[in-house]
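Peer 1: First, the structure itself, so that you have it in front of you.
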Amino acid sequence: PREEVAYVTCTYRETCIDQPDFLATVDLNPRSPYYGQVIHRLPMPNLKDELHSSGWSAGCVCFDNITTKRNKLILPCLISSRIYVVDVGSQCRAPKLCKMIEPVDVFWKCNKGYLGVPHSLPNGDILIANMGDPAGNGKGGFIVLDGETFELKGNWENECEAPPTGYDFWYQPRHNVLISSAGLVPKRAGRGFNPDDLKKGVFGRRLNVWNLSCRTLTQCFDLGEDSLPLSVKFLHNPDAAEGYVSCALSGIIYRFYKACCEANTWSVEEAIQIPAKDVSGWILCKMPAFTADMVISLDDKYLYLSNWLHGDIRQYDISKTCKPRLVGQVFVGGSILRGGPVTVCRDEELKCQPEPLVIKCKRVYGGPCKMQLSLDGKRLYVTNSFYSTWDKQFYPNVVREGSVMLQIDVDTEKGGLTVNKNFLVDFGKEPNGPCLAHSIRFPCGDSTS
C-alpha cells in the first residue's frame with residue numbers, strides 16, 4: 001500500500017531550546033486535509049537525547065511471512081545512549097512510549113554507548129550498532145534487545161575484538177553474513193568537524209564482515225584513511241551476495257560481494273567516485289562529497305545517495321551492479337549554492353553553482369541527509385539534519401529556522417528526479433520552536449528495513 005504516515009525523529013539538542021526530543025507523525029495522504037503536516041508529537045521524558053536512527057521490531061520473524069506487523073519502533077539515542085520503544089500498533093497516528101532502557105544499564109551491562117542504527121534480527125531480537133564506549137572513546141560492536149520483552153540481553157559479538165568504531169550494518173541470512181561500517185570517535189568528532197582531526201584515527205576507515213550465526217569478525221577491509229564509511233546496504237534480493245557502502249569523507253561508494261562461496265570470503269571494489277570541489281570561503285580548500293545516506297529501491301534497480309555538503313541527491317541505475325550509472329540528480333540545498341559564502345573554484349561536474357531552492361515561499365537551507373523510499377519506488381522523502389553539532393557548524397540557518405522534509409518524485413522507468421513543489425514539512429513551525437529532523441519510517445513498510 002501507499003504510505004499514509006511517516007514517523008520522523010526530531011531533536012532539540014544544540015538549538016538552545018530546552019525541550020525534549022520527540023517522534024513526529026507526518027500525514028502523507030494527499031487526500032487528507034492535513035497532508036504534509038505534523039499531526040502528532042510524542043515527546044521523550046528526557047532532554048538532549050539526540051534521537052537519531054530508528055528501526056522496526058517485527059517480533060519473532062519468518063521472513064517469508066508478508067503479514068508481519070510493524071508494531072514497535074526502536075529509538076536508540078546517539079548522545080544519551082538511552083533506548084526508547086514506541087508502540088505504533090495500537091494507534092498508528094498517535095504513537096505512545098511503552099518502554100525505556102536507561103543508559104546506565106547499557107554502560108554497565110555492555111560497556112557500550114553512543115548508539116547508532118537498529119535492525120531486527122532473523123530470530124526477532126533487536127540488534128543496535130554502537131559508536132563508542134561510555135566515555136566516548138571509539139568502540140564498535142552491537143548490543144541486543146529481546147524481541148518480545150525488549151529487555152537488554154547484552155553484547156552480540158562473541159568474544160572477538162571489537163572494531164575501533166561502528167555505526168551502521170546490514171545482513172543477509174542466506175549467506176550467513178553481517179557487514180558493518182566504521183563511523184567516528186564520539187568524544188572527538190562529536191564536538192564538531194575539526195580539520196586537525198584528519199589523519200589521527202578519529203574518522204573510521206574499516207568495513208567489517210561478520211559470521212552472522214557465530215557472531216564473530218571474519219574479515220576487515222581498509223577503505224582508506226579518513227574515508228568514514230557510514231551507510232551499508234545489501235541488495236534486497238535475499239539470494240544476492242552483494243551490496244554497497246558509502247564513504248562520507250572520500251566520496252567513494254564501494255561494492256562488496258562474495259568472492260568465494262566455498263570459503264565464504266568477501267571482496268570490495270570501487271563502484272562510484274564523486275569528486276571533491278575546489279572551493280574558497282569554506283573550512284578546507286577542497287569540499288568532499290559527504291554521502292550521508294544511501295537507499296536501494298526494492299526491485300534493486302536504483303541506488304540513491306544524499307550528498308549532504310554539496311547539496312544534491314543522486315540516482316544511479318545499478319542493473320549492472322559493478323558499474324552504477326548516474327541517471328538522476330537534483331539539488332535541494334547545500335554549501336555550494338549561488339550567492340552563499342562559498343565560491344567553487346574548480347568543479348569536475350558542474351558548469352555553475354546551483355540556485356537556492358524555495359518551496360511554498362520557504363528557502364530551504366542545509367543539505368539532504370536521511371532518505372526513505374516508497375515501496376513502489378516513486379517517492380523519495382528526505383530530511384536535512386545530519387547530527388545537531390555538525391548542523392550547527394555547517395548549516396546554522398537550519399538550526400535557527402528548523403529542518404524540512406521534502407518529497408522527490410522519481411522516474412522509475414528511465415531514471416530522473418524532480419522536487420515536488422507541493423510538499424513541504426516545515427519543522428521550523430513546531431509549537432516549541434524549530435527542531436532538527438532526521439530518520440524516516442513508514443508503518444506499511446519501507447525500503448530500509
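How things are named: the first chain in the C-alpha cells is A, the next is B, and so on; residues count from 1 in each chain; ligands count from 1 in the order shown.
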What's around Ala129 in chain A at 7 Å? Count only C-alpha atoms, leave out sequence neighbours fewer than 5 positions away in its own chain, and write the answer as a PyMOL selection string.
Peer 2: chain A and resi 115-118+141-143+166-168
Peer 1: Could those selected residues go to a file with N, CA, C and O atoms, as a compact mmCIF listing (two decimals), in the first residue's frame?
Peer 2:
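New file again_37.txt:
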```txt
# COMPACT_ATOMS: atom_id res chain seq x y z
N LEU A 115 24.69 5.16 20.65
CA LEU A 115 24.02 4.11 19.89
C LEU A 115 23.61 4.58 18.50
O LEU A 115 23.08 5.68 18.33
N GLY A 116 23.84 3.71 17.51
CA GLY A 116 23.58 4.04 16.12
C GLY A 116 22.34 3.36 15.57
O GLY A 116 21.24 3.54 16.08
N VAL A 117 22.54 2.53 14.55
CA VAL A 117 21.43 2.01 13.76
C VAL A 117 20.89 0.70 14.35
O VAL A 117 21.65 -0.20 14.68
N PRO A 118 19.54 0.56 14.49
CA PRO A 118 18.93 -0.71 14.92
C PRO A 118 18.29 -1.45 13.75
O PRO A 118 17.77 -0.86 12.81
N GLY A 141 30.86 -2.62 17.53
CA GLY A 141 30.14 -3.76 18.07
C GLY A 141 28.64 -3.50 18.13
O GLY A 141 28.13 -2.54 17.54
N PHE A 142 27.93 -4.36 18.89
CA PHE A 142 26.48 -4.31 18.89
C PHE A 142 25.94 -4.72 20.26
O PHE A 142 26.56 -5.49 20.98
N ILE A 143 24.75 -4.19 20.58
CA ILE A 143 24.01 -4.66 21.74
C ILE A 143 22.71 -5.29 21.26
O ILE A 143 22.25 -5.01 20.15
N GLY A 166 32.04 2.04 15.07
CA GLY A 166 30.92 1.42 14.38
C GLY A 166 29.81 2.42 14.14
O GLY A 166 29.82 3.51 14.72
N TYR A 167 28.84 2.05 13.29
CA TYR A 167 27.70 2.95 13.08
C TYR A 167 26.50 2.21 12.46
O TYR A 167 25.45 2.15 13.04
N ASP A 168 26.68 1.67 11.26
CA ASP A 168 25.58 1.07 10.52
C ASP A 168 25.91 -0.39 10.20
O ASP A 168 27.07 -0.81 10.27
```
Peer 1: Write out as a JSON list (two decimals) with N, CA and C atoms, in the first residue's frame all residues of range 107-289 of chain A that DSSP puts in strand (DSSP E or B) for this structure's backbone.
Peer 2:
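Ended up saving to part_35.json:
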```
[["chain", "number", "residue", "atom", "x", "y", "z"],
["A", 113, "GLY", "N", 28.16, 2.58, 24.31],
["A", 113, "GLY", "CA", 27.41, 3.82, 24.32],
["A", 113, "GLY", "C", 27.35, 4.42, 22.93],
["A", 114, "TYR", "N", 26.70, 5.58, 22.83],
["A", 114, "TYR", "CA", 26.59, 6.31, 21.56],
["A", 114, "TYR", "C", 25.99, 5.39, 20.49],
["A", 115, "LEU", "N", 24.69, 5.16, 20.65],
["A", 115, "LEU", "CA", 24.02, 4.11, 19.89],
["A", 115, "LEU", "C", 23.61, 4.58, 18.50],
["A", 116, "GLY", "N", 23.84, 3.71, 17.51],
["A", 116, "GLY", "CA", 23.58, 4.04, 16.12],
["A", 116, "GLY", "C", 22.34, 3.36, 15.57],
["A", 117, "VAL", "N", 22.54, 2.53, 14.55],
["A", 117, "VAL", "CA", 21.43, 2.01, 13.76],
["A", 117, "VAL", "C", 20.89, 0.70, 14.35],
["A", 118, "PRO", "N", 19.54, 0.56, 14.49],
["A", 118, "PRO", "CA", 18.93, -0.71, 14.92],
["A", 118, "PRO", "C", 18.29, -1.45, 13.75],
["A", 119, "HIS", "N", 18.33, -2.78, 13.81],
["A", 119, "HIS", "CA", 17.61, -3.64, 12.87],
["A", 119, "HIS", "C", 17.12, -4.86, 13.63],
["A", 120, "SER", "N", 16.03, -5.45, 13.15],
["A", 120, "SER", "CA", 15.53, -6.70, 13.71],
["A", 120, "SER", "C", 16.30, -7.87, 13.13],
["A", 126, "ILE", "N", 16.45, -7.57, 18.61],
["A", 126, "ILE", "CA", 16.82, -6.27, 18.04],
["A", 126, "ILE", "C", 18.32, -6.08, 18.20],
["A", 127, "LEU", "N", 19.00, -5.78, 17.12],
["A", 127, "LEU", "CA", 20.44, -5.52, 17.14],
["A", 127, "LEU", "C", 20.67, -4.03, 16.92],
["A", 128, "ILE", "N", 21.47, -3.42, 17.79],
["A", 128, "ILE", "CA", 21.76, -1.99, 17.71],
["A", 128, "ILE", "C", 23.27, -1.80, 17.65],
["A", 129, "ALA", "N", 23.75, -1.15, 16.60],
["A", 129, "ALA", "CA", 25.17, -0.84, 16.49],
["A", 129, "ALA", "C", 25.52, 0.33, 17.40],
["A", 130, "ASN", "N", 26.77, 0.38, 17.84],
["A", 130, "ASN", "CA", 27.21, 1.48, 18.69],
["A", 130, "ASN", "C", 28.51, 2.07, 18.15],
["A", 131, "MET", "N", 28.76, 3.34, 18.52],
["A", 131, "MET", "CA", 29.95, 4.04, 18.03],
["A", 131, "MET", "C", 31.08, 4.09, 19.04],
["A", 132, "GLY", "N", 30.75, 4.00, 20.35],
["A", 132, "GLY", "CA", 31.80, 4.18, 21.34],
["A", 132, "GLY", "C", 31.53, 3.46, 22.63],
["A", 138, "GLY", "N", 36.32, 5.55, 20.84],
["A", 138, "GLY", "CA", 35.81, 4.73, 19.76],
["A", 138, "GLY", "C", 35.74, 3.27, 20.13],
["A", 142, "PHE", "N", 27.93, -4.36, 18.89],
["A", 142, "PHE", "CA", 26.48, -4.31, 18.89],
["A", 142, "PHE", "C", 25.94, -4.72, 20.26],
["A", 143, "ILE", "N", 24.75, -4.19, 20.58],
["A", 143, "ILE", "CA", 24.01, -4.66, 21.74],
["A", 143, "ILE", "C", 22.71, -5.29, 21.26],
["A", 144, "VAL", "N", 22.12, -6.15, 22.09],
["A", 144, "VAL", "CA", 20.94, -6.92, 21.70],
["A", 144, "VAL", "C", 19.80, -6.68, 22.68],
["A", 145, "LEU", "N", 18.59, -6.46, 22.12],
["A", 145, "LEU", "CA", 17.37, -6.42, 22.91],
["A", 145, "LEU", "C", 16.53, -7.65, 22.58],
["A", 152, "LEU", "N", 17.27, -5.70, 27.80],
["A", 152, "LEU", "CA", 18.64, -5.66, 27.31],
["A", 152, "LEU", "C", 19.32, -6.99, 27.60],
["A", 153, "LYS", "N", 19.74, -7.70, 26.56],
["A", 153, "LYS", "CA", 20.34, -9.02, 26.73],
["A", 153, "LYS", "C", 21.86, -8.97, 26.88],
["A", 154, "GLY", "N", 22.50, -7.95, 26.33],
["A", 154, "GLY", "CA", 23.95, -7.83, 26.42],
["A", 154, "GLY", "C", 24.57, -7.57, 25.06],
["A", 155, "ASN", "N", 25.87, -7.85, 24.96],
["A", 155, "ASN", "CA", 26.58, -7.66, 23.69],
["A", 155, "ASN", "C", 26.26, -8.81, 22.73],
["A", 169, "PHE", "N", 24.88, -1.18, 9.82],
["A", 169, "PHE", "CA", 25.11, -2.57, 9.42],
["A", 169, "PHE", "C", 23.93, -3.07, 8.61],
["A", 170, "TRP", "N", 24.16, -4.17, 7.92],
["A", 170, "TRP", "CA", 23.11, -4.85, 7.15],
["A", 170, "TRP", "C", 23.51, -6.32, 7.08],
["A", 171, "TYR", "N", 22.56, -7.20, 6.84],
["A", 171, "TYR", "CA", 22.92, -8.62, 6.82],
["A", 171, "TYR", "C", 22.10, -9.38, 5.79],
["A", 172, "GLN", "N", 22.59, -10.56, 5.42],
["A", 172, "GLN", "CA", 21.90, -11.49, 4.53],
["A", 172, "GLN", "C", 21.91, -12.88, 5.18],
["A", 177, "VAL", "N", 25.90, -13.79, 6.78],
["A", 177, "VAL", "CA", 26.86, -12.69, 6.85],
["A", 177, "VAL", "C", 26.19, -11.41, 7.35],
["A", 178, "LEU", "N", 26.94, -10.65, 8.12],
["A", 178, "LEU", "CA", 26.56, -9.30, 8.54],
["A", 178, "LEU", "C", 27.75, -8.39, 8.23],
["A", 179, "ILE", "N", 27.48, -7.24, 7.65],
["A", 179, "ILE", "CA", 28.54, -6.30, 7.30],
["A", 179, "ILE", "C", 28.26, -4.97, 7.97],
["A", 180, "SER", "N", 29.29, -4.42, 8.63],
["A", 180, "SER", "CA", 29.11, -3.18, 9.40],
["A", 180, "SER", "C", 30.12, -2.13, 8.96],
["A", 184, "LEU", "N", 32.70, 7.12, 13.60],
["A", 184, "LEU", "CA", 33.75, 8.01, 14.08],
["A", 184, "LEU", "C", 33.88, 7.93, 15.58],
["A", 203, "PHE", "N", 38.21, 9.54, 12.34],
["A", 203, "PHE", "CA", 37.21, 9.12, 11.37],
["A", 203, "PHE", "C", 37.52, 7.71, 10.88],
["A", 206, "ARG", "N", 37.25, 1.32, 8.27],
["A", 206, "ARG", "CA", 37.11, -0.12, 8.09],
["A", 206, "ARG", "C", 35.69, -0.53, 7.69],
["A", 207, "LEU", "N", 35.62, -1.57, 6.87],
["A", 207, "LEU", "CA", 34.39, -2.29, 6.61],
["A", 207, "LEU", "C", 34.57, -3.68, 7.21],
["A", 208, "ASN", "N", 33.63, -4.08, 8.06],
["A", 208, "ASN", "CA", 33.78, -5.30, 8.84],
["A", 208, "ASN", "C", 32.80, -6.37, 8.37],
["A", 209, "VAL", "N", 33.30, -7.59, 8.20],
["A", 209, "VAL", "CA", 32.49, -8.73, 7.78],
["A", 209, "VAL", "C", 32.38, -9.70, 8.96],
["A", 210, "TRP", "N", 31.13, -10.06, 9.32],
["A", 210, "TRP", "CA", 30.87, -10.91, 10.47],
["A", 210, "TRP", "C", 30.19, -12.20, 10.03],
["A", 211, "ASN", "N", 30.49, -13.28, 10.73],
["A", 211, "ASN", "CA", 29.73, -14.52, 10.62],
["A", 211, "ASN", "C", 28.45, -14.33, 11.43],
["A", 216, "THR", "N", 31.06, -13.71, 14.98],
["A", 216, "THR", "CA", 32.50, -13.45, 15.03],
["A", 216, "THR", "C", 32.92, -12.62, 13.83],
["A", 217, "LEU", "N", 33.96, -11.83, 14.03],
["A", 217, "LEU", "CA", 34.52, -10.99, 12.98],
["A", 217, "LEU", "C", 35.44, -11.84, 12.11],
["A", 218, "THR", "N", 35.16, -11.91, 10.81],
["A", 218, "THR", "CA", 35.92, -12.80, 9.92],
["A", 218, "THR", "C", 36.82, -12.06, 8.95],
["A", 219, "GLN", "N", 36.45, -10.85, 8.53],
["A", 219, "GLN", "CA", 37.27, -10.08, 7.61],
["A", 219, "GLN", "C", 37.13, -8.59, 7.90],
["A", 220, "CYS", "N", 38.18, -7.84, 7.58],
["A", 220, "CYS", "CA", 38.15, -6.38, 7.69],
["A", 220, "CYS", "C", 38.79, -5.79, 6.44],
["A", 221, "PHE", "N", 38.15, -4.77, 5.87],
["A", 221, "PHE", "CA", 38.69, -4.09, 4.71],
["A", 221, "PHE", "C", 39.04, -2.66, 5.08],
["A", 222, "ASP", "N", 40.24, -2.25, 4.74],
["A", 222, "ASP", "CA", 40.68, -0.88, 4.97],
["A", 222, "ASP", "C", 40.29, -0.06, 3.74],
["A", 229, "PRO", "N", 33.36, 5.33, 6.38],
["A", 229, "PRO", "CA", 32.24, 4.51, 5.90],
["A", 229, "PRO", "C", 31.04, 4.66, 6.84],
["A", 230, "LEU", "N", 29.89, 5.02, 6.28],
["A", 230, "LEU", "CA", 28.70, 5.20, 7.10],
["A", 230, "LEU", "C", 27.59, 4.23, 6.70],
["A", 231, "SER", "N", 26.93, 4.49, 5.59],
["A", 231, "SER", "CA", 25.73, 3.74, 5.22],
["A", 231, "SER", "C", 26.10, 2.42, 4.53],
["A", 232, "VAL", "N", 25.49, 1.31, 4.99],
["A", 232, "VAL", "CA", 25.70, -0.02, 4.42],
["A", 232, "VAL", "C", 24.36, -0.57, 3.95],
["A", 233, "LYS", "N", 24.31, -1.06, 2.71],
["A", 233, "LYS", "CA", 23.08, -1.65, 2.19],
["A", 233, "LYS", "C", 23.41, -2.87, 1.33],
["A", 234, "PHE", "N", 22.78, -4.01, 1.64],
["A", 234, "PHE", "CA", 22.76, -5.15, 0.73],
["A", 234, "PHE", "C", 21.67, -4.92, -0.32],
["A", 242, "GLU", "N", 25.77, -9.31, -2.49],
["A", 242, "GLU", "CA", 26.49, -8.08, -2.78],
["A", 242, "GLU", "C", 25.70, -6.88, -2.27],
["A", 243, "GLY", "N", 26.42, -5.78, -2.12],
["A", 243, "GLY", "CA", 25.81, -4.54, -1.66],
["A", 243, "GLY", "C", 26.81, -3.40, -1.78],
["A", 244, "TYR", "N", 26.51, -2.30, -1.09],
["A", 244, "TYR", "CA", 27.33, -1.10, -1.21],
["A", 244, "TYR", "C", 27.54, -0.46, 0.16],
["A", 245, "VAL", "N", 28.65, 0.25, 0.28],
["A", 245, "VAL", "CA", 28.92, 1.07, 1.46],
["A", 245, "VAL", "C", 29.39, 2.43, 0.97],
["A", 246, "SER", "N", 28.81, 3.49, 1.56],
["A", 246, "SER", "CA", 29.19, 4.85, 1.16],
["A", 246, "SER", "C", 30.19, 5.42, 2.16],
["A", 247, "CYS", "N", 31.26, 6.02, 1.64],
["A", 247, "CYS", "CA", 32.29, 6.63, 2.48],
["A", 247, "CYS", "C", 32.12, 8.15, 2.43],
["A", 252, "ILE", "N", 33.62, 8.09, -2.06],
["A", 252, "ILE", "CA", 33.67, 6.82, -2.78],
["A", 252, "ILE", "C", 32.58, 5.88, -2.26],
["A", 253, "ILE", "N", 31.90, 5.22, -3.17],
["A", 253, "ILE", "CA", 30.96, 4.16, -2.81],
["A", 253, "ILE", "C", 31.58, 2.85, -3.29],
["A", 254, "TYR", "N", 31.77, 1.94, -2.35],
["A", 254, "TYR", "CA", 32.36, 0.64, -2.68],
["A", 254, "TYR", "C", 31.27, -0.40, -2.81],
["A", 255, "ARG", "N", 31.49, -1.32, -3.73],
["A", 255, "ARG", "CA", 30.65, -2.51, -3.84],
["A", 255, "ARG", "C", 31.35, -3.64, -3.12],
["A", 256, "PHE", "N", 30.62, -4.33, -2.23],
["A", 256, "PHE", "CA", 31.17, -5.54, -1.62],
["A", 256, "PHE", "C", 30.40, -6.74, -2.16],
["A", 257, "TYR", "N", 31.08, -7.86, -2.27],
["A", 257, "TYR", "CA", 30.47, -9.03, -2.88],
["A", 257, "TYR", "C", 31.19, -10.29, -2.41],
["A", 258, "LYS", "N", 30.48, -11.41, -2.47],
["A", 258, "LYS", "CA", 31.09, -12.68, -2.07],
["A", 258, "LYS", "C", 32.04, -13.14, -3.18],
["A", 259, "ALA", "N", 33.30, -13.31, -2.82],
["A", 259, "ALA", "CA", 34.32, -13.67, -3.80],
["A", 259, "ALA", "C", 34.46, -15.17, -3.96],
["A", 260, "CYS", "N", 34.22, -15.91, -2.86],
["A", 260, "CYS", "CA", 34.37, -17.36, -2.90],
["A", 260, "CYS", "C", 33.28, -17.99, -2.04],
["A", 265, "THR", "N", 34.29, -16.02, 1.64],
["A", 265, "THR", "CA", 35.13, -14.83, 1.70],
["A", 265, "THR", "C", 34.56, -13.74, 0.80],
["A", 266, "TRP", "N", 34.81, -12.49, 1.19],
["A", 266, "TRP", "CA", 34.23, -11.34, 0.54],
["A", 266, "TRP", "C", 35.32, -10.42, 0.01],
["A", 267, "SER", "N", 34.95, -9.61, -0.99],
["A", 267, "SER", "CA", 35.88, -8.63, -1.57],
["A", 267, "SER", "C", 35.16, -7.29, -1.72],
["A", 268, "VAL", "N", 35.94, -6.23, -1.94],
["A", 268, "VAL", "CA", 35.37, -4.91, -2.20],
["A", 268, "VAL", "C", 36.03, -4.32, -3.44],
["A", 269, "GLU", "N", 35.28, -3.47, -4.13],
["A", 269, "GLU", "CA", 35.82, -2.74, -5.27],
["A", 269, "GLU", "C", 35.13, -1.37, -5.36],
["A", 270, "GLU", "N", 35.84, -0.40, -5.89],
["A", 270, "GLU", "CA", 35.27, 0.94, -6.04],
["A", 270, "GLU", "C", 34.20, 0.91, -7.12],
["A", 271, "ALA", "N", 33.00, 1.46, -6.80],
["A", 271, "ALA", "CA", 31.90, 1.47, -7.76],
["A", 271, "ALA", "C", 31.57, 2.88, -8.23],
["A", 272, "ILE", "N", 31.64, 3.86, -7.34],
["A", 272, "ILE", "CA", 31.31, 5.25, -7.66],
["A", 272, "ILE", "C", 32.33, 6.16, -7.00],
["A", 273, "GLN", "N", 32.76, 7.18, -7.71],
["A", 273, "GLN", "CA", 33.65, 8.20, -7.14],
["A", 273, "GLN", "C", 33.04, 9.57, -7.44],
["A", 277, "LYS", "N", 35.26, 19.26, -4.59],
["A", 277, "LYS", "CA", 35.26, 20.53, -5.31],
["A", 277, "LYS", "C", 36.29, 21.46, -4.69],
["A", 278, "ASP", "N", 37.06, 22.13, -5.54],
["A", 278, "ASP", "CA", 37.98, 23.16, -5.07],
["A", 278, "ASP", "C", 37.18, 24.40, -4.73],
["A", 279, "VAL", "N", 37.31, 24.87, -3.49],
["A", 279, "VAL", "CA", 36.47, 25.98, -3.03],
["A", 279, "VAL", "C", 37.30, 27.00, -2.25],
["A", 280, "SER", "N", 36.71, 28.17, -2.09],
["A", 280, "SER", "CA", 37.22, 29.18, -1.15],
["A", 280, "SER", "C", 36.05, 29.62, -0.27],
["A", 286, "LYS", "N", 39.29, 22.03, -0.23],
["A", 286, "LYS", "CA", 38.54, 21.06, -1.01],
["A", 286, "LYS", "C", 37.33, 20.61, -0.21],
["A", 287, "MET", "N", 36.14, 20.65, -0.83],
["A", 287, "MET", "CA", 34.92, 20.20, -0.17],
["A", 287, "MET", "C", 34.59, 18.80, -0.67]]
```
Peer 1: Record the distance separating CA of Val327 in chain A and CA of Gly377 in chain A, expressed in Å with one decimal.
Peer 2: 14.6 Å
Peer 1: Go through A:Arg82, A:His438, A:Lys72, A:Lys421 and flag the residue nearest Cys361 in chain A, using only C-alpha atoms for the distances.
Peer 2: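 Between A:Arg82, A:His438, A:Lys72, A:Lys421, the residue approaching Cys361 in chain A most closely is A:Lys421.
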Peer 1: Tell me which protein, DNA and RNA residues are within 7 Å of Trp390 in chain A, counting only C-alpha atoms, leaving out same-chain ones fewer than 4 positions away, and put them as a ChimeraX atom specification.
Peer 2: /A:192-193,394
Peer 1: Got a sec to tell me which of range 246-429 of chain A DSSP assigns to helix (DSSP H, G or I), as a list in words?
Peer 2: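 Put together, the selection reads Ser388, Thr389, Trp390, Asp391, Lys392, Gln393, Phe394, Pro396, Asn397, Val398, Val399, Arg400, Glu401, Phe427, Gly428 and Lys429 of chain A.
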Peer 1: For the residues selected in the previous step, produce a file with C-alpha atoms as an mmCIF file, in the first residue's frame.
Peer 2:
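Saved result, out-v9.cif, follows:
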```cif
data_model
loop_
_atom_site.group_PDB
_atom_site.id
_atom_site.type_symbol
_atom_site.label_atom_id
_atom_site.label_comp_id
_atom_site.auth_asym_id
_atom_site.auth_seq_id
_atom_site.Cartn_x
_atom_site.Cartn_y
_atom_site.Cartn_z
ATOM 1 C CA SER A 388 22.975 18.508 15.644
ATOM 2 C CA THR A 389 26.557 19.608 16.405
ATOM 3 C CA TRP A 390 27.628 19.368 12.767
ATOM 4 C CA ASP A 391 24.367 21.009 11.650
ATOM 5 C CA LYS A 392 25.158 23.971 13.890
ATOM 6 C CA GLN A 393 28.683 24.204 12.468
ATOM 7 C CA PHE A 394 27.952 23.845 8.745
ATOM 8 C CA PRO A 396 23.473 27.400 11.284
ATOM 9 C CA ASN A 397 20.374 28.532 9.377
ATOM 10 C CA VAL A 398 18.928 25.024 9.701
ATOM 11 C CA VAL A 399 19.385 25.124 13.473
ATOM 12 C CA ARG A 400 17.906 28.620 13.621
ATOM 13 C CA GLU A 401 14.967 28.025 11.251
ATOM 14 C CA PHE A 427 9.883 21.741 11.240
ATOM 15 C CA GLY A 428 10.630 25.415 11.816
ATOM 16 C CA LYS A 429 6.958 25.886 12.748
#
```
Peer 1: Select, from A:Thr448, A:Ser297, A:Ser374, A:Asn384, the residue with the minimum atom-to-atom distance to Glu4 in chain A, counting only C-alpha atoms.
Peer 2: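 Once distances to Glu4 in chain A are computed over only C-alpha atoms, the minimum belongs to A:Ser374.
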Peer 1: Set the distance at 7 Å and use only C-alpha atoms: which residues neighbour Cys369 in chain A once local chain neighbours fewer than 6 positions away are removed? I'd like the list as a ChimeraX atom specification.
Peer 2: /A:292-293,306,308,382-386
Peer 1: Hey, which of A:Ser32, A:Thr25, A:Ser81, A:Ser335 ends up closest to Lys48 in chain A? Count only C-alpha atoms.
Peer 2: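 Of all the options, A:Ser81 lies closest to Lys48 in chain A.
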Peer 1: Would you kindly return, as a PyMOL selection string, each protein, DNA or RNA residue with an atom no farther than 10 Å from any atom of Asp411 in chain A, considering only C-alpha atoms and excluding same-chain residues fewer than 4 positions away?
Peer 2: chain A and resi 315+327-328+377-379+415-418
Peer 1: Show which residues sit within 8 Å of Leu249 in chain A, as a short mmCIF file (atom, residue, chain, number, x, y, z; two decimals) with N, CA, C and O atoms, in the first residue's frame. Count only C-alpha atoms, and ignore same-chain residues fewer than 6 positions away.
Peer 2:
```cif
data_model
loop_
_atom_site.label_atom_id
_atom_site.label_comp_id
_atom_site.auth_asym_id
_atom_site.auth_seq_id
_atom_site.Cartn_x
_atom_site.Cartn_y
_atom_site.Cartn_z
N ASP A 226 40.56 8.19 6.90
CA ASP A 226 39.51 9.22 6.96
C ASP A 226 38.46 9.04 5.86
O ASP A 226 37.85 10.02 5.41
N SER A 227 38.24 7.82 5.43
CA SER A 227 37.21 7.60 4.42
C SER A 227 35.81 7.72 5.02
O SER A 227 34.87 8.13 4.36
N LEU A 228 35.66 7.37 6.29
CA LEU A 228 34.41 7.45 7.05
C LEU A 228 33.26 6.66 6.41
O LEU A 228 32.28 7.22 5.94
N PRO A 288 34.65 17.80 0.23
CA PRO A 288 34.37 16.43 -0.21
C PRO A 288 32.89 16.21 -0.47
O PRO A 288 32.03 16.97 0.00
N ALA A 289 32.59 15.16 -1.21
CA ALA A 289 31.21 14.73 -1.39
C ALA A 289 30.83 13.92 -0.15
O ALA A 289 31.23 12.76 -0.02
N PHE A 290 30.07 14.52 0.75
CA PHE A 290 29.74 13.89 2.02
C PHE A 290 28.46 13.07 1.84
O PHE A 290 27.35 13.56 2.00
N THR A 291 28.63 11.80 1.48
CA THR A 291 27.49 10.92 1.22
C THR A 291 26.94 10.40 2.55
O THR A 291 27.41 9.41 3.09
#
```
Peer 1: What does the distance from CA of Val5 in chain A to CA of Leu424 in chain A come to in Å, to one decimal?
Peer 2: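 Distance reported for this atom pair: 14.1 Å.
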Peer 1: When you draw a straight line from CA of Cys77 in chain A to CA of Pro173 in chain A, how long is it in Å?
Peer 2: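 Here the two named atoms are 26.9 Å from each other.
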Peer 1: Need the shell around Tyr84 in chain A: protein/DNA/RNA residues with any atom at most 6 Å away, counting only C-alpha atoms. Skip same-chain ones fewer than 3 positions apart. Format as a short mmCIF file (atom, residue, chain, number, x, y, z; two decimals) with all heavy atoms, in the first residue's frame?
Peer 2:
```
data_model
loop_
_atom_site.label_atom_id
_atom_site.label_comp_id
_atom_site.auth_asym_id
_atom_site.auth_seq_id
_atom_site.Cartn_x
_atom_site.Cartn_y
_atom_site.Cartn_z
N LEU A 75 13.96 3.36 19.15
CA LEU A 75 14.63 4.66 19.04
C LEU A 75 15.85 4.69 19.96
O LEU A 75 15.76 5.06 21.13
CB LEU A 75 13.68 5.80 19.42
CG LEU A 75 12.35 5.89 18.67
CD1 LEU A 75 11.53 7.07 19.20
CD2 LEU A 75 12.58 6.03 17.18
N LYS A 99 8.32 1.58 26.59
CA LYS A 99 9.45 1.09 27.39
C LYS A 99 10.64 2.02 27.20
O LYS A 99 10.80 2.64 26.14
CB LYS A 99 9.85 -0.33 26.98
CG LYS A 99 10.90 -0.97 27.90
CD LYS A 99 11.17 -2.40 27.51
CE LYS A 99 12.20 -3.05 28.42
NZ LYS A 99 11.74 -3.15 29.82
N MET A 100 11.46 2.09 28.24
CA MET A 100 12.67 2.90 28.20
C MET A 100 13.81 2.15 28.88
O MET A 100 13.63 1.62 29.98
CB MET A 100 12.44 4.26 28.89
CG MET A 100 13.65 5.16 28.92
SD MET A 100 13.25 6.81 29.58
CE MET A 100 12.73 6.41 31.25
#
```
